[in-house]
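J.: So that you have it, the file is upload29.txt, and it contains compact mmCIF, C-alpha atoms:
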# COMPACT_ATOMS: atom_id res chain seq x y z
CA MET K 26 5.80 -29.66 -6.07
CA LEU K 27 4.65 -26.46 -7.75
CA LEU K 28 2.57 -24.18 -5.51
CA TRP K 29 0.88 -20.85 -6.22
CA GLY K 30 0.42 -17.90 -3.91
CA ASP K 31 0.15 -14.17 -3.29
CA LEU K 32 2.51 -12.78 -0.64
CA HIS K 33 1.42 -9.14 -0.83
CA ASN K 34 -2.20 -8.03 -0.89
CA HIS K 35 -4.39 -5.81 1.24
CA CYS K 36 -7.91 -5.53 2.61
CA GLY K 37 -9.77 -3.45 5.19
CA ILE K 38 -7.37 -4.21 8.05
CA THR K 39 -5.75 -0.88 7.11
CA TYR K 40 -6.57 1.41 4.18
CA GLY K 41 -8.19 -1.11 1.91
CA PHE K 42 -11.57 -2.74 1.45
CA GLY K 43 -13.17 -5.98 2.54
CA SER K 44 -12.83 -8.07 5.68
CA LEU K 45 -9.86 -10.21 6.61
CA GLN K 46 -12.11 -13.26 6.80
CA ASN K 47 -13.45 -12.73 3.29
CA ALA K 48 -9.94 -12.18 1.89
CA LEU K 49 -8.82 -15.46 3.44
CA LYS K 50 -11.90 -17.24 2.10
CA ILE K 51 -11.03 -16.05 -1.41
CA ALA K 52 -7.39 -17.08 -0.97
CA ARG K 53 -8.48 -20.51 0.20
CA SER K 54 -10.63 -20.98 -2.90
CA HIS K 55 -7.76 -20.80 -5.41
CA LEU K 56 -4.33 -20.35 -3.79
CA ASP K 57 -1.92 -22.62 -1.94
CA PHE K 58 -0.34 -19.89 0.21
CA CYS K 59 -0.81 -16.22 1.01
CA CYS K 60 -0.18 -13.21 3.20
CA ILE K 61 -2.82 -10.62 4.02
CA THR K 62 -0.65 -7.55 4.46
CA GLY K 63 -1.35 -4.57 6.68
CA HIS K 64 0.17 -1.12 6.13
CA ALA K 65 2.21 -0.44 9.24
CA MET K 66 4.56 2.54 9.00
CA TRP K 67 6.23 5.26 6.98
CA PRO K 68 9.24 6.50 9.00
CA ASP K 69 10.18 9.30 6.58
CA ILE K 70 6.68 10.45 5.71
CA TYR K 71 6.28 14.07 4.64
CA ALA K 72 5.92 16.81 7.19
CA ARG K 73 2.25 17.59 7.82
CA THR K 74 1.35 20.88 6.11
CA PRO K 75 -1.90 22.24 4.65
CA GLU K 76 -0.80 20.73 1.32
CA THR K 77 0.06 17.28 2.71
CA GLU K 78 -2.35 16.87 5.64
CA PHE K 79 -4.74 14.62 3.71
CA ILE K 80 -2.10 12.11 2.65
CA VAL K 81 -0.36 12.17 6.05
CA ASP K 82 -3.59 11.72 8.02
CA PHE K 83 -4.82 9.01 5.64
CA HIS K 84 -1.71 6.91 6.19
CA ARG K 85 -1.47 7.48 9.91
CA GLU K 86 -5.08 6.44 10.42
CA GLY K 87 -4.37 3.21 8.57
CA PHE K 88 -1.24 2.51 10.61
CA LYS K 89 -3.16 3.13 13.85
CA LYS K 90 -5.90 0.74 12.75
CA LEU K 91 -3.41 -2.08 12.16
CA LEU K 92 -1.69 -1.50 15.51
CA GLU K 93 -4.98 -1.58 17.42
CA HIS K 94 -5.97 -4.92 15.85
CA TRP K 95 -2.59 -6.56 15.29
CA ASP K 96 -2.99 -9.27 17.94
CA GLU K 97 -6.31 -10.48 16.53
CA ILE K 98 -5.10 -10.24 12.91
CA ARG K 99 -2.00 -12.25 13.75
CA ALA K 100 -4.08 -14.84 15.61
CA GLU K 101 -6.48 -15.24 12.68
CA MET K 102 -3.63 -15.67 10.20
CA ALA K 103 -2.17 -18.35 12.48
CA ARG K 104 -5.53 -20.11 12.78
CA GLN K 105 -5.98 -20.19 9.02
CA ASN K 106 -2.63 -21.95 8.49
CA ASP K 107 -4.14 -25.41 8.34
CA GLY K 108 -2.34 -27.20 5.51
CA GLU K 109 -5.09 -26.60 2.98
CA LEU K 110 -4.08 -22.94 2.93
CA VAL K 111 -0.57 -21.96 4.07
CA THR K 112 -0.42 -18.49 5.59
CA PHE K 113 2.42 -16.17 6.59
CA GLN K 114 2.48 -13.14 8.86
CA SER K 115 3.12 -9.83 7.13
CA TYR K 116 3.00 -6.05 7.25
CA GLU K 117 4.28 -3.23 5.08
CA MET K 118 6.79 -0.44 5.57
CA HIS K 119 6.70 2.59 3.26
CA SER K 120 9.97 4.43 2.75
CA SER K 121 11.07 7.25 0.51
CA LEU K 122 14.73 6.41 1.16
CA TYR K 123 14.72 2.61 0.86
CA GLY K 124 11.59 2.09 -1.22
CA ASP K 125 8.55 0.21 0.03
CA HIS K 126 8.96 -3.29 1.50
CA HIS K 127 6.62 -5.87 2.95
CA ILE K 128 8.04 -7.91 5.82
CA ILE K 129 7.15 -11.63 5.80
CA SER K 130 7.58 -14.12 8.64
CA PRO K 131 6.72 -17.81 9.09
CA ASP K 132 6.49 -17.33 12.86
CA ASP K 133 3.16 -16.57 14.52
CA THR K 134 4.84 -14.55 17.27
CA PHE K 135 5.94 -11.97 14.66
CA PRO K 136 5.65 -8.64 16.50
CA LEU K 137 4.55 -5.31 15.07
CA ILE K 138 7.54 -3.06 15.79
CA TYR K 139 8.63 0.28 14.37
CA ARG K 140 12.05 0.97 12.90
CA ASP K 141 13.47 3.38 10.33
CA SER K 142 14.76 0.77 7.86
CA PRO K 143 13.83 -2.69 6.56
CA ALA K 144 17.14 -4.05 7.84
CA ARG K 145 16.41 -2.89 11.39
CA LEU K 146 12.93 -4.39 11.25
CA VAL K 147 14.31 -7.77 10.22
CA ALA K 148 17.14 -7.61 12.76
CA ASP K 149 15.02 -6.48 15.71
CA CYS K 150 11.75 -8.38 15.28
CA GLY K 151 13.14 -11.40 17.12
CA VAL K 152 11.82 -14.03 14.70
CA ARG K 153 12.63 -15.23 11.18
CA ALA K 154 11.70 -12.62 8.60
CA ILE K 155 12.59 -11.22 5.18
CA ALA K 156 11.91 -7.81 3.66
CA VAL K 157 10.58 -7.92 0.10
CA PRO K 158 11.00 -4.74 -1.98
CA HIS K 159 7.93 -4.07 -4.10
CA HIS K 160 6.82 -1.76 -6.92
CA ILE K 161 10.55 -1.24 -7.23
CA GLY K 162 10.36 0.60 -10.58
CA TYR K 163 9.20 3.93 -9.22
CA THR K 164 11.66 6.81 -9.03
CA PRO K 165 14.48 6.58 -6.44
CA GLY K 166 13.50 8.65 -3.43
CA TYR K 167 9.80 8.30 -4.21
CA ARG K 168 8.87 4.81 -3.03
CA GLY K 169 10.97 2.94 -5.64
CA ILE K 170 13.86 0.69 -4.66
CA ASN K 171 17.22 2.17 -3.72
CA TRP K 172 19.70 -0.25 -5.31
CA GLU K 173 22.53 1.53 -3.46
CA LEU K 174 21.01 0.39 -0.15
CA TYR K 175 19.58 -2.95 -1.29
CA ASP K 176 20.70 -5.86 0.93
CA GLN K 177 20.18 -9.34 -0.48
CA ASN K 178 20.85 -10.85 2.95
CA ILE K 179 17.52 -9.52 4.23
CA SER K 180 15.82 -9.38 0.80
CA PRO K 181 16.53 -12.63 -1.08
CA CYS K 182 13.30 -12.08 -3.02
CA VAL K 183 12.16 -9.03 -4.99
CA GLU K 184 8.61 -8.40 -6.19
CA VAL K 185 9.04 -7.77 -9.93
CA CYS K 186 5.41 -7.47 -11.01
CA SER K 187 2.10 -6.55 -9.39
CA LYS K 188 -1.01 -4.49 -10.00
CA HIS K 189 1.37 -1.51 -10.26
CA GLY K 190 2.95 -2.98 -13.39
CA CYS K 191 6.09 -4.86 -14.41
CA ALA K 192 9.54 -3.64 -13.32
CA MET K 193 11.72 -5.95 -15.41
CA SER K 194 12.83 -3.14 -17.74
CA GLU K 195 11.74 0.30 -18.89
CA THR K 196 10.23 -1.26 -22.03
CA ALA K 197 8.57 -4.29 -20.42
CA PRO K 198 4.81 -4.84 -20.87
CA TYR K 199 2.48 -3.49 -18.16
CA PRO K 200 3.93 0.00 -17.54
CA TYR K 201 3.46 1.55 -14.11
CA TYR K 202 0.16 3.36 -13.71
CA HIS K 203 0.06 4.91 -10.22
CA ASP K 204 0.56 8.64 -9.55
CA MET K 205 3.84 7.63 -7.87
CA GLY K 206 5.05 6.79 -11.38
CA PRO K 207 6.15 6.53 -14.08
CA ARG K 208 8.54 3.60 -14.27
CA ASP K 209 12.19 4.68 -13.91
CA SER K 210 14.94 2.86 -15.86
CA ARG K 211 17.35 3.22 -12.89
CA ASN K 212 15.07 1.08 -10.74
CA THR K 213 14.33 -1.88 -12.99
CA VAL K 214 15.17 -5.52 -12.30
CA TYR K 215 17.78 -5.45 -15.06
CA ALA K 216 19.45 -2.42 -13.43
CA GLY K 217 19.72 -4.37 -10.17
CA LEU K 218 21.10 -7.46 -11.87
CA ARG K 219 23.72 -5.40 -13.69
CA ARG K 220 24.97 -4.28 -10.27
CA GLY K 221 25.62 -7.91 -9.36
CA SER K 222 22.66 -8.31 -7.01
CA ARG K 223 21.25 -11.82 -6.74
CA PHE K 224 17.59 -12.42 -5.90
CA CYS K 225 14.60 -14.49 -6.93
CA PHE K 226 11.53 -13.02 -8.60
CA LEU K 227 8.12 -12.79 -6.92
CA GLY K 228 4.83 -11.68 -8.38
CA SER K 229 2.07 -10.39 -6.11
CA THR K 230 -1.16 -8.51 -6.62
CA ASP K 231 -0.74 -5.59 -4.19
CA HIS K 232 -4.53 -5.60 -4.45
CA HIS K 233 -6.29 -3.27 -1.98
CA ALA K 234 -9.81 -4.65 -2.26
CA GLY K 235 -9.52 -7.94 -0.39
CA PHE K 236 -8.96 -10.28 -3.36
CA PRO K 237 -5.63 -12.11 -3.02
CA GLY K 238 -4.54 -13.75 -6.24
CA SER K 239 -6.70 -11.54 -8.47
CA TYR K 240 -6.12 -12.58 -12.07
CA GLY K 241 -3.67 -10.52 -14.11
CA ASP K 242 -2.17 -8.66 -11.13
CA GLY K 243 0.82 -10.90 -10.37
CA LEU K 244 1.33 -14.27 -8.72
CA THR K 245 4.24 -16.30 -7.31
CA ALA K 246 5.10 -19.90 -8.16
CA VAL K 247 7.20 -21.80 -5.62
CA LEU K 248 8.93 -25.14 -6.05
CA ALA K 249 8.62 -26.68 -2.58
CA LYS K 250 9.20 -30.14 -1.19
CA GLU K 251 5.68 -30.19 0.25
CA LYS K 252 2.75 -27.91 0.90
CA SER K 253 3.73 -26.58 4.31
CA ARG K 254 4.85 -23.29 5.79
CA GLU K 255 8.39 -24.53 6.47
CA ALA K 256 8.83 -26.01 2.99
CA ILE K 257 7.58 -22.86 1.23
CA TRP K 258 9.76 -20.67 3.46
CA GLU K 259 12.81 -22.78 2.64
CA ALA K 260 12.01 -22.54 -1.08
CA LEU K 261 11.77 -18.74 -0.89
CA LEU K 262 15.09 -18.45 0.94
CA SER K 263 16.67 -20.81 -1.61
CA GLY K 264 15.36 -18.89 -4.62
CA ARG K 265 13.07 -21.61 -5.95
CA ALA K 266 10.37 -19.18 -7.02
CA TYR K 267 9.28 -17.27 -10.09
CA ALA K 268 6.70 -14.67 -11.05
CA VAL K 269 3.83 -14.69 -13.51
CA THR K 270 1.60 -11.81 -14.55
CA GLY K 271 -1.56 -13.79 -15.18
CA ASP K 272 -1.83 -17.41 -16.29
CA ARG K 273 -0.24 -20.07 -14.11
CA ILE K 274 2.57 -21.05 -16.45
CA GLU K 275 4.54 -24.12 -15.42
CA CYS K 276 8.25 -23.58 -16.10
CA ASP K 277 11.00 -26.18 -15.72
CA PHE K 278 14.25 -24.32 -16.42
CA THR K 279 17.88 -25.37 -15.96
CA VAL K 280 21.32 -23.95 -16.81
CA ASN K 281 24.07 -26.58 -17.06
CA GLY K 282 21.75 -28.92 -15.21
CA GLN K 283 21.18 -26.52 -12.29
CA GLY K 284 17.67 -25.38 -11.45
CA LEU K 285 16.07 -22.36 -9.82
CA GLY K 286 18.09 -20.84 -7.00
CA GLU K 287 21.39 -22.50 -7.93
CA THR K 288 24.58 -20.62 -8.79
CA VAL K 289 26.15 -21.44 -12.16
CA ARG K 290 29.66 -20.33 -13.13
CA GLY K 291 31.60 -20.61 -16.35
CA ALA K 292 31.42 -19.19 -19.87
CA LYS K 293 29.63 -22.13 -21.49
CA ARG K 294 25.92 -22.44 -20.79
CA LYS K 295 23.52 -25.18 -21.76
CA LEU K 296 19.91 -24.10 -21.32
CA ARG K 297 16.93 -26.41 -21.03
CA CYS K 298 13.41 -25.10 -20.68
CA ALA K 299 10.04 -26.85 -20.64
CA VAL K 300 7.01 -24.57 -20.43
CA LYS K 301 3.35 -25.43 -20.10
CA GLY K 302 0.64 -22.78 -20.19
CA GLU K 303 -2.93 -22.95 -18.92
CA TYR K 304 -5.69 -23.93 -21.30
Represent the structure of the file as structure tokens.
T.:
Amino acid sequence: MLLWGDLHNHCGITYGFGSLQNALKIARSHLDFCCITGHAMWPDIYARTPETEFIVDFHREGFKKLLEHWDEIRAEMARQNDGELVTFQSYEMHSSLYGDHHIISPDDTFPLIYRDSPARLVADCGVRAIAVPHHIGYTPGYRGINWELYDQNISPCVEVCSKHGCAMSETAPYPYYHDMGPRDSRNTVYAGLRRGSRFCFLGSTDHHAGFPGSYGDGLTAVLAKEKSREAIWEALLSGRAYAVTGDRIECDFTVNGQGLGETVRGAKRKLRCAVKGEY
């Protein structure tokens, strides 16, 4: 079955706006699954100087807020996972070296721990988790992805579009808009694929005003066996997901009879695609 969700959005649990309860109410009104993501850490944040004290203090205050309320946030996300809405646990790691990632887990014991890399977070958290690189198209070393250090074993999914823009290529629609920008051709999806990396595409909003699934900011479609946390998690790990920028486009796509997430080898390719847009 085709399910729709937002696995990366923010509200007032850190430096954002709106309550967790209201964000979940909005998610429940139009999504099948979601994360409400807190900002948790920035291991290689700038040194605090008169020029950087505002940005450093701003982030550290947000991280402290999430830590102080993590147990209740985690409990509320677990309570809201009732079948009508499927929820996952999540928080975000900023990194100049690796690029920003949000860590997602299907386990409600997911702890808030601090490490200096996404790989260490996934390895040391003690539960199932993946690290999803996001707004990857920013400049290497300035919160964009580092394809040299990308590890598809911990990051089988990559967020390719969000409120920040579309990272498919340097000429794709929806150019990056944030002051971390502009979009850098070295950090596009196509650049990663040319390196031989294999990952599925996610779309998320990265909305900071408590509105998961906001229209036009990115959304993920998942082909799952059923609407449950385990089935959606298995679909993500298997690559049965795709991204849309706005409308919920239904896409049935095969190569040589193989669908999303499958590996196809050989020089001859037979493509079949059936697409249905919203109306």
J.: Identify, on the basis of only C-alpha atoms, every residue whose closest approach to region 104-106 of chain K does not exceed 9 Å; exclude the query and any residue fewer than 4 positions from it along the same chain; express the result as a list in words.
T.: Leu49, Phe58, Arg99, Ala100, Leu110, Val111, Thr112, Phe113, Ser253 and Arg254 of chain K
J.: CA of Asp272 (chain K) to CA of Lys188 (chain K): how many Å, to one decimal?
T.: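 So the two atoms, CA of Asp272 (chain K) and CA of Lys188 (chain K), lie 14.4 Å apart.
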J.: Go through K:Thr77, K:Ser180, K:Thr279, K:Ser187 and flag the residue nearest Leu261 (chain K), using all atoms listed in the file for the distances.
T.: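 Ranked by minimum distance to Leu261 (chain K), first place goes to K:Ser180.
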J.: Considering all atoms listed in the file, state which residue in the set K:Thr270, K:Pro165, K:Glu255, K:Phe224 is at the smallest distance from Pro198 (chain K).
T.: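 With all atoms listed in the file as the atom set, the closest residue is K:Thr270.
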J.: For a quick check of understanding, using only C-alpha atoms, which of K:Phe42, K:Tyr116, K:Tyr199, K:Tyr139 has the smallest distance to Thr62 (chain K)?
T.: K:Tyr116
J.: Which polymer residues have any atom within 12 Å of an atom of Asp204 (chain K), counting only C-alpha atoms, with same-chain residues fewer than 5 positions away left out, as a count of residues only?
T.: 5
J.: Using all atoms listed in the file, which of the listed residues (K:Val214, K:Val247, K:Leu146, K:Ile128) sits closest to Ile161 (chain K)?
T.: K:Val214
J.: Pick out the residues sitting within 10 Å of region 172-177 of chain K, and hand them over as an mmCIF file with C-alpha atoms, in the coordinates of the input; count all atoms listed in the file, and ignore anything fewer than 2 positions along from it in its own chain.
T.:
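Wrote around_3.cif, looks like this:
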data_model
loop_
_atom_site.group_PDB
_atom_site.id
_atom_site.type_symbol
_atom_site.label_atom_id
_atom_site.label_comp_id
_atom_site.auth_asym_id
_atom_site.auth_seq_id
_atom_site.Cartn_x
_atom_site.Cartn_y
_atom_site.Cartn_z
ATOM 1 C CA LEU K 122 14.730 6.410 1.160
ATOM 2 C CA TYR K 123 14.720 2.610 0.860
ATOM 3 C CA GLY K 124 11.590 2.090 -1.220
ATOM 4 C CA PRO K 143 13.830 -2.690 6.560
ATOM 5 C CA ALA K 144 17.140 -4.050 7.840
ATOM 6 C CA ILE K 155 12.590 -11.220 5.180
ATOM 7 C CA ALA K 156 11.910 -7.810 3.660
ATOM 8 C CA VAL K 157 10.580 -7.920 0.100
ATOM 9 C CA PRO K 158 11.000 -4.740 -1.980
ATOM 10 C CA ILE K 161 10.550 -1.240 -7.230
ATOM 11 C CA PRO K 165 14.480 6.580 -6.440
ATOM 12 C CA GLY K 169 10.970 2.940 -5.640
ATOM 13 C CA ILE K 170 13.860 0.690 -4.660
ATOM 14 C CA ILE K 179 17.520 -9.520 4.230
ATOM 15 C CA SER K 180 15.820 -9.380 0.800
ATOM 16 C CA PRO K 181 16.530 -12.630 -1.080
ATOM 17 C CA CYS K 182 13.300 -12.080 -3.020
ATOM 18 C CA VAL K 183 12.160 -9.030 -4.990
ATOM 19 C CA ARG K 211 17.350 3.220 -12.890
ATOM 20 C CA ASN K 212 15.070 1.080 -10.740
ATOM 21 C CA THR K 213 14.330 -1.880 -12.990
ATOM 22 C CA VAL K 214 15.170 -5.520 -12.300
ATOM 23 C CA ALA K 216 19.450 -2.420 -13.430
ATOM 24 C CA GLY K 217 19.720 -4.370 -10.170
ATOM 25 C CA LEU K 218 21.100 -7.460 -11.870
ATOM 26 C CA ARG K 220 24.970 -4.280 -10.270
ATOM 27 C CA SER K 222 22.660 -8.310 -7.010
ATOM 28 C CA ARG K 223 21.250 -11.820 -6.740
ATOM 29 C CA PHE K 224 17.590 -12.420 -5.900
ATOM 30 C CA CYS K 225 14.600 -14.490 -6.930
#
